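*Asks:* Following this line is run21.cif, made up of mmCIF, C-alpha atoms and all ligand atoms:
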data_upload
#
loop_
_atom_site.label_atom_id
_atom_site.label_comp_id
_atom_site.auth_asym_id
_atom_site.auth_seq_id
_atom_site.Cartn_x
_atom_site.Cartn_y
_atom_site.Cartn_z
CA MET A 8 -96.37 170.33 -63.48
CA GLY A 9 -95.46 169.84 -67.12
CA MET A 10 -94.38 167.25 -69.67
CA ASN A 11 -90.91 166.37 -70.88
CA THR A 12 -90.05 165.64 -74.51
CA ASN A 13 -90.98 161.96 -74.01
CA GLY A 14 -94.44 162.93 -72.80
CA ASN A 15 -93.74 161.97 -69.18
CA PRO A 16 -95.04 164.23 -66.41
CA VAL A 17 -92.45 166.46 -64.77
CA LEU A 18 -92.97 168.24 -61.47
CA THR A 19 -90.88 171.34 -60.82
CA THR A 20 -90.47 172.88 -57.40
CA THR A 21 -88.17 175.14 -55.41
CA VAL A 22 -85.38 174.08 -53.09
CA GLU A 23 -87.28 175.67 -50.20
CA ALA A 24 -90.46 173.67 -50.91
CA PHE A 25 -88.48 170.45 -51.23
CA GLU A 26 -86.73 171.18 -47.95
CA LYS A 27 -90.10 171.67 -46.29
CA LEU A 28 -91.17 168.24 -47.51
CA ILE A 29 -87.98 166.62 -46.20
CA ASN A 30 -88.33 168.37 -42.84
CA TRP A 31 -91.98 167.35 -42.58
CA GLY A 32 -91.00 163.71 -43.09
CA ARG A 33 -88.11 163.88 -40.64
CA ALA A 34 -90.04 165.70 -37.91
CA ASN A 35 -92.94 163.25 -38.01
CA ALA A 36 -90.98 160.00 -38.14
CA VAL A 37 -88.37 160.34 -35.40
CA TRP A 38 -87.20 157.02 -33.99
CA PRO A 39 -85.95 157.42 -30.41
CA PHE A 40 -83.22 155.23 -29.01
CA GLN A 41 -84.42 153.00 -26.16
CA PHE A 42 -81.94 154.31 -23.65
CA GLY A 43 -82.68 155.17 -20.03
CA LEU A 44 -80.13 155.90 -17.32
CA ALA A 45 -82.05 156.59 -14.10
CA CYS A 46 -85.41 157.60 -12.60
CA CYS A 47 -86.23 159.97 -15.52
CA ALA A 48 -86.39 156.89 -17.76
CA ILE A 49 -89.61 155.78 -16.01
CA GLU A 50 -91.27 159.02 -17.12
CA MET A 51 -89.86 158.59 -20.62
CA MET A 52 -91.41 155.11 -20.81
CA ALA A 53 -94.74 156.57 -19.69
CA THR A 54 -94.78 158.91 -22.71
CA ALA A 55 -95.12 155.85 -24.94
CA SER A 56 -98.10 154.56 -22.94
CA ALA A 57 -101.70 154.93 -24.08
CA ARG A 58 -102.31 157.82 -21.68
CA PHE A 59 -99.70 160.15 -23.19
CA ASP A 60 -99.45 158.47 -26.58
CA LEU A 61 -96.15 159.47 -28.15
CA ALA A 62 -97.44 157.72 -31.27
CA ARG A 63 -99.45 160.88 -32.05
CA PHE A 64 -96.13 162.42 -33.07
CA GLY A 65 -94.93 159.41 -35.04
CA ALA A 66 -92.20 158.69 -32.50
CA GLU A 67 -93.39 155.55 -30.74
CA MET A 68 -90.86 153.32 -32.53
CA MET A 69 -88.30 153.18 -29.72
CA ARG A 70 -85.43 151.20 -31.16
CA ALA A 71 -83.08 148.93 -29.23
CA SER A 72 -80.16 149.70 -31.53
CA PRO A 73 -78.46 153.10 -32.07
CA ARG A 74 -78.09 152.16 -35.74
CA GLN A 75 -81.88 152.31 -36.14
CA SER A 76 -82.36 155.52 -34.16
CA ASP A 77 -82.09 159.23 -34.82
CA LEU A 78 -83.07 160.64 -31.42
CA MET A 79 -81.26 160.07 -28.14
CA ILE A 80 -83.30 161.03 -25.07
CA VAL A 81 -80.77 161.20 -22.24
CA ALA A 82 -83.11 160.29 -19.39
CA GLY A 83 -81.18 160.44 -16.14
CA ARG A 84 -77.84 161.29 -14.64
CA VAL A 85 -74.73 160.43 -16.65
CA SER A 86 -71.87 159.10 -14.54
CA GLN A 87 -68.24 159.69 -15.56
CA LYS A 88 -68.01 155.99 -16.30
CA MET A 89 -71.09 156.08 -18.55
CA GLY A 90 -69.97 159.18 -20.49
CA PRO A 91 -67.68 157.41 -23.00
CA VAL A 92 -70.31 154.69 -23.54
CA LEU A 93 -72.97 157.30 -24.25
CA ARG A 94 -70.70 159.02 -26.77
CA TYR A 95 -69.89 155.68 -28.39
CA LEU A 96 -73.59 154.94 -28.85
CA TYR A 97 -74.28 158.46 -30.13
CA ASP A 98 -71.58 158.05 -32.78
CA GLN A 99 -73.33 154.92 -34.04
CA MET A 100 -76.66 156.70 -34.59
CA LEU A 101 -77.87 157.72 -38.03
CA GLU A 102 -77.42 161.21 -39.48
CA PRO A 103 -79.25 163.51 -39.07
CA LYS A 104 -79.59 162.86 -35.34
CA TRP A 105 -80.85 164.80 -32.37
CA VAL A 106 -80.49 164.78 -28.59
CA ILE A 107 -82.94 165.71 -25.85
CA ALA A 108 -81.46 166.18 -22.36
CA MET A 109 -84.35 165.02 -20.18
CA GLY A 110 -84.32 166.22 -16.58
CA ASP A 111 -82.04 168.33 -14.43
CA CYS A 112 -79.38 165.64 -14.02
CA SER A 113 -78.66 165.22 -17.71
CA SER A 114 -79.04 168.96 -18.36
CA CYS A 115 -76.68 170.22 -15.65
CA GLY A 116 -75.94 167.51 -13.09
CA GLY A 117 -79.04 168.32 -11.02
CA VAL A 118 -78.82 167.29 -7.40
CA TYR A 119 -75.64 165.32 -8.13
CA ASN A 120 -73.21 168.18 -7.85
CA ASN A 121 -70.21 165.92 -7.37
CA TYR A 122 -67.18 164.46 -9.15
CA ALA A 123 -68.89 161.19 -10.11
CA VAL A 124 -71.57 162.72 -12.38
CA ILE A 125 -71.05 164.67 -15.60
CA GLN A 126 -72.39 168.18 -15.02
CA GLY A 127 -74.42 168.35 -18.22
CA VAL A 128 -74.52 165.87 -21.07
CA ASP A 129 -73.75 168.70 -23.50
CA LYS A 130 -70.13 168.24 -22.44
CA ILE A 131 -70.02 165.01 -24.47
CA VAL A 132 -72.79 165.26 -27.13
CA PRO A 133 -74.56 168.23 -28.79
CA VAL A 134 -77.96 168.82 -27.16
CA ASP A 135 -80.92 170.18 -29.17
CA VAL A 136 -83.56 170.51 -26.45
CA TYR A 137 -83.34 170.63 -22.65
CA VAL A 138 -86.34 169.47 -20.62
CA ALA A 139 -86.32 170.82 -17.06
CA GLY A 140 -87.65 168.98 -14.01
CA CYS A 141 -86.79 166.29 -11.48
CA PRO A 142 -88.28 164.26 -12.94
CA PRO A 143 -89.99 166.03 -15.84
CA SER A 144 -93.48 164.64 -16.37
CA PRO A 145 -94.33 162.86 -19.64
CA ASP A 146 -96.16 166.07 -20.66
CA ASN A 147 -92.90 167.99 -20.23
CA LEU A 148 -91.09 165.53 -22.44
CA LEU A 149 -93.85 165.74 -25.07
CA TYR A 150 -93.51 169.53 -25.02
CA GLY A 151 -89.76 169.17 -25.47
CA PHE A 152 -90.37 166.79 -28.33
CA MET A 153 -92.67 169.32 -30.01
CA LYS A 154 -89.92 171.92 -29.65
CA LEU A 155 -87.56 169.51 -31.38
CA GLN A 156 -90.06 169.10 -34.21
CA GLU A 157 -90.16 172.90 -34.57
CA LYS A 158 -86.37 172.94 -34.74
CA ILE A 159 -86.30 170.21 -37.40
CA ALA A 160 -88.91 172.14 -39.42
CA LYS A 161 -86.51 175.12 -39.61
CA ASP A 162 -83.60 173.04 -40.89
CA HIS A 163 -82.08 173.49 -44.39
CA PRO A 164 -81.14 169.92 -45.34
CA LEU A 165 -80.25 170.82 -48.94
CA ARG A 166 -78.25 173.89 -48.04
CA SER A 167 -76.14 172.61 -45.16
CA GLN A 168 -72.38 173.21 -45.35
CA LYS A 169 -71.85 169.48 -45.78
CA VAL A 170 -74.19 169.24 -48.80
CA LEU A 171 -72.80 172.42 -50.40
CA LYS A 172 -69.28 171.06 -50.00
CA GLU A 173 -70.28 167.80 -51.70
CA LEU A 174 -71.96 169.70 -54.56
CA LYS A 175 -68.76 171.69 -55.15
CA THR A 176 -66.78 168.48 -55.62
CA LEU A 177 -69.14 167.20 -58.36
S1 LIG B 1 -83.54 164.62 -12.75
FE1 LIG B 1 -84.41 163.74 -10.86
S2 LIG B 1 -85.70 162.08 -11.59
FE2 LIG B 1 -84.29 162.59 -13.28
S3 LIG B 1 -82.54 161.22 -13.02
FE3 LIG B 1 -82.09 163.10 -11.93
S4 LIG B 1 -82.74 162.69 -9.80
FE4 LIG B 1 -83.72 161.17 -11.11
#
Starting from the file, lay out its structure as structure tokens.
Ligand code: SF4
*Replies:*
Amino acid sequence: MGMNTNGNPVLTTTVEAFEKLINWGRANAVWPFQFGLACCAIEMMATASARFDLARFGAEMMRASPRQSDLMIVAGRVSQKMGPVLRYLYDQMLEPKWVIAMGDCSSCGGVYNNYAVIQGVDKIVPVDVYVAGCPPSPDNLLYGFMKLQEKIAKDHPLRSQKVLKELKTL
């Protein structure tokens, strides 16, 4: 902390410390998209209930619009017909955005090993965390969410290729 020539306080820091602050804010204010596809969605809804209390992690603000969300929890099997819709909604979400594949069906097709179901949602959107189970309990999803927070905490938002590219054009 110092003063500039006008006598105003100036705080200096490192890029790493500033990134930590950004990551802390992002990891503790994730807004999930209200988006359930099958039976796993019931367990996802339960995580927001008083018993499991997703609000402890700052993520209880489930939004009804992809434009207000930065986390897609794919809760349930994804049919071939639903795949393009899911991708369309994902594209409308804010950057940076994350995806949790909740349950065996969304992770790898699960018990639906047939032509009608996409054998893993990672074929259409990038997945950050996979939560195993059929269905995974709300505790499983909370654990997966904590893993996502750990991943966000290791991010380098000011040193990403996209930011460096933009800095070079200045
Ligand atoms: S993983 Fe199990 S509970 Fe979840 S959508 Fe598939 S069949 Fe339903």
*Asks:* Would you name the residues within 12 Å of ligand LIG 1 (chain B), counting all atoms listed in the file, and put them as a short mmCIF file (atom, residue, chain, number, x, y, z; two decimals) with C-alpha atoms, in the coordinates of the input?
*Replies:*
data_model
loop_
_atom_site.label_atom_id
_atom_site.label_comp_id
_atom_site.auth_asym_id
_atom_site.auth_seq_id
_atom_site.Cartn_x
_atom_site.Cartn_y
_atom_site.Cartn_z
CA GLY A 43 -82.68 155.17 -20.03
CA LEU A 44 -80.13 155.90 -17.32
CA ALA A 45 -82.05 156.59 -14.10
CA CYS A 46 -85.41 157.60 -12.60
CA CYS A 47 -86.23 159.97 -15.52
CA ALA A 48 -86.39 156.89 -17.76
CA ILE A 49 -89.61 155.78 -16.01
CA GLU A 50 -91.27 159.02 -17.12
CA MET A 51 -89.86 158.59 -20.62
CA ILE A 80 -83.30 161.03 -25.07
CA VAL A 81 -80.77 161.20 -22.24
CA ALA A 82 -83.11 160.29 -19.39
CA GLY A 83 -81.18 160.44 -16.14
CA ARG A 84 -77.84 161.29 -14.64
CA VAL A 85 -74.73 160.43 -16.65
CA SER A 86 -71.87 159.10 -14.54
CA ALA A 108 -81.46 166.18 -22.36
CA MET A 109 -84.35 165.02 -20.18
CA GLY A 110 -84.32 166.22 -16.58
CA ASP A 111 -82.04 168.33 -14.43
CA CYS A 112 -79.38 165.64 -14.02
CA SER A 113 -78.66 165.22 -17.71
CA SER A 114 -79.04 168.96 -18.36
CA CYS A 115 -76.68 170.22 -15.65
CA GLY A 116 -75.94 167.51 -13.09
CA GLY A 117 -79.04 168.32 -11.02
CA VAL A 118 -78.82 167.29 -7.40
CA TYR A 119 -75.64 165.32 -8.13
CA ASN A 120 -73.21 168.18 -7.85
CA VAL A 124 -71.57 162.72 -12.38
CA ILE A 125 -71.05 164.67 -15.60
CA GLN A 126 -72.39 168.18 -15.02
CA GLY A 127 -74.42 168.35 -18.22
CA TYR A 137 -83.34 170.63 -22.65
CA VAL A 138 -86.34 169.47 -20.62
CA ALA A 139 -86.32 170.82 -17.06
CA GLY A 140 -87.65 168.98 -14.01
CA CYS A 141 -86.79 166.29 -11.48
CA PRO A 142 -88.28 164.26 -12.94
CA PRO A 143 -89.99 166.03 -15.84
CA SER A 144 -93.48 164.64 -16.37
CA PRO A 145 -94.33 162.86 -19.64
CA LEU A 148 -91.09 165.53 -22.44
#
*Asks:* Between CA of Met79 (chain A) and CA of Ala36 (chain A), what is the spacing in Å?
*Replies:*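 Computing it gives 13.9 Å between the two atoms.
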*Asks:* Which one of A:Val92, A:Leu149, A:Val132, A:Met8 sits closest to Phe64 (chain A) if you count only C-alpha atoms?
*Replies:*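 Ranking A:Val92, A:Leu149, A:Val132, A:Met8 by distance to Phe64 (chain A), first place goes to A:Leu149.
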*Asks:* Nearest to Pro164 (chain A) among A:Thr54, A:Thr20, A:Asn147, A:Asn30, with distances taken over all atoms listed in the file: which residue is it?
*Replies:*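 The answer is A:Asn30, which sits nearest to Pro164 (chain A).
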*Asks:* Could you give me, as a PyMOL selection string, the residues that have an atom at most 9 Å away from the point (-97.3, 158.3, -23.8) in the coordinates of the file, using all atoms listed in the file?
*Replies:* chain A and resi 51-63+67+145-146+149
*Asks:* Enumerate, as a list in words, the protein, DNA and RNA residues whose atoms approach (-89.8, 163.1, -43.1) to within 12 Å, taking into account only C-alpha atoms and the coordinate frame of the file.
*Replies:*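 Protein, DNA and RNA residues close to (-89.8, 163.1, -43.1): Phe25, Glu26, Lys27, Leu28, Ile29, Asn30, Trp31, Gly32, Arg33, Ala34, Asn35, Ala36, Val37, Trp38, Phe64, Gly65, Ala66, Asp77, Pro103, Gln156, Ile159, Ala160, Asp162 and Pro164 of chain A.
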*Asks:* Kindly give the distance, in Å, that separates CA of Tyr150 (chain A) and CA of Ile107 (chain A), rounded to a single decimal.
*Replies:* 11.3 Å
*Asks:* How far is it from CA of Val136 (chain A) to CA of Gly151 (chain A), in Å with one decimal?
*Replies:* 6.4 Å
*Asks:* Please list as a PyMOL selection string every residue within 10 Å of Ser72 (chain A), counting all atoms listed in the file and excluding residues in the same chain fewer than 3 positions away.
*Replies:* chain A and resi 39-42+69+75-76+96+99-100
*Asks:* Choose the residue, out of A:Phe152, A:Glu23, A:Tyr122, A:Gln87, that has the smallest atom-to-atom separation from Asp135 (chain A); count all atoms listed in the file.
*Replies:*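 So, comparing all the options, the nearest one is A:Phe152.
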*Asks:* Point out the residue among A:Lys161, A:Lys172, A:Leu78, A:Lys154 with the least atom-to-atom distance to Tyr97 (chain A), counting all atoms listed in the file.
*Replies:*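 With all atoms listed in the file as the atom set, the closest residue is A:Leu78.
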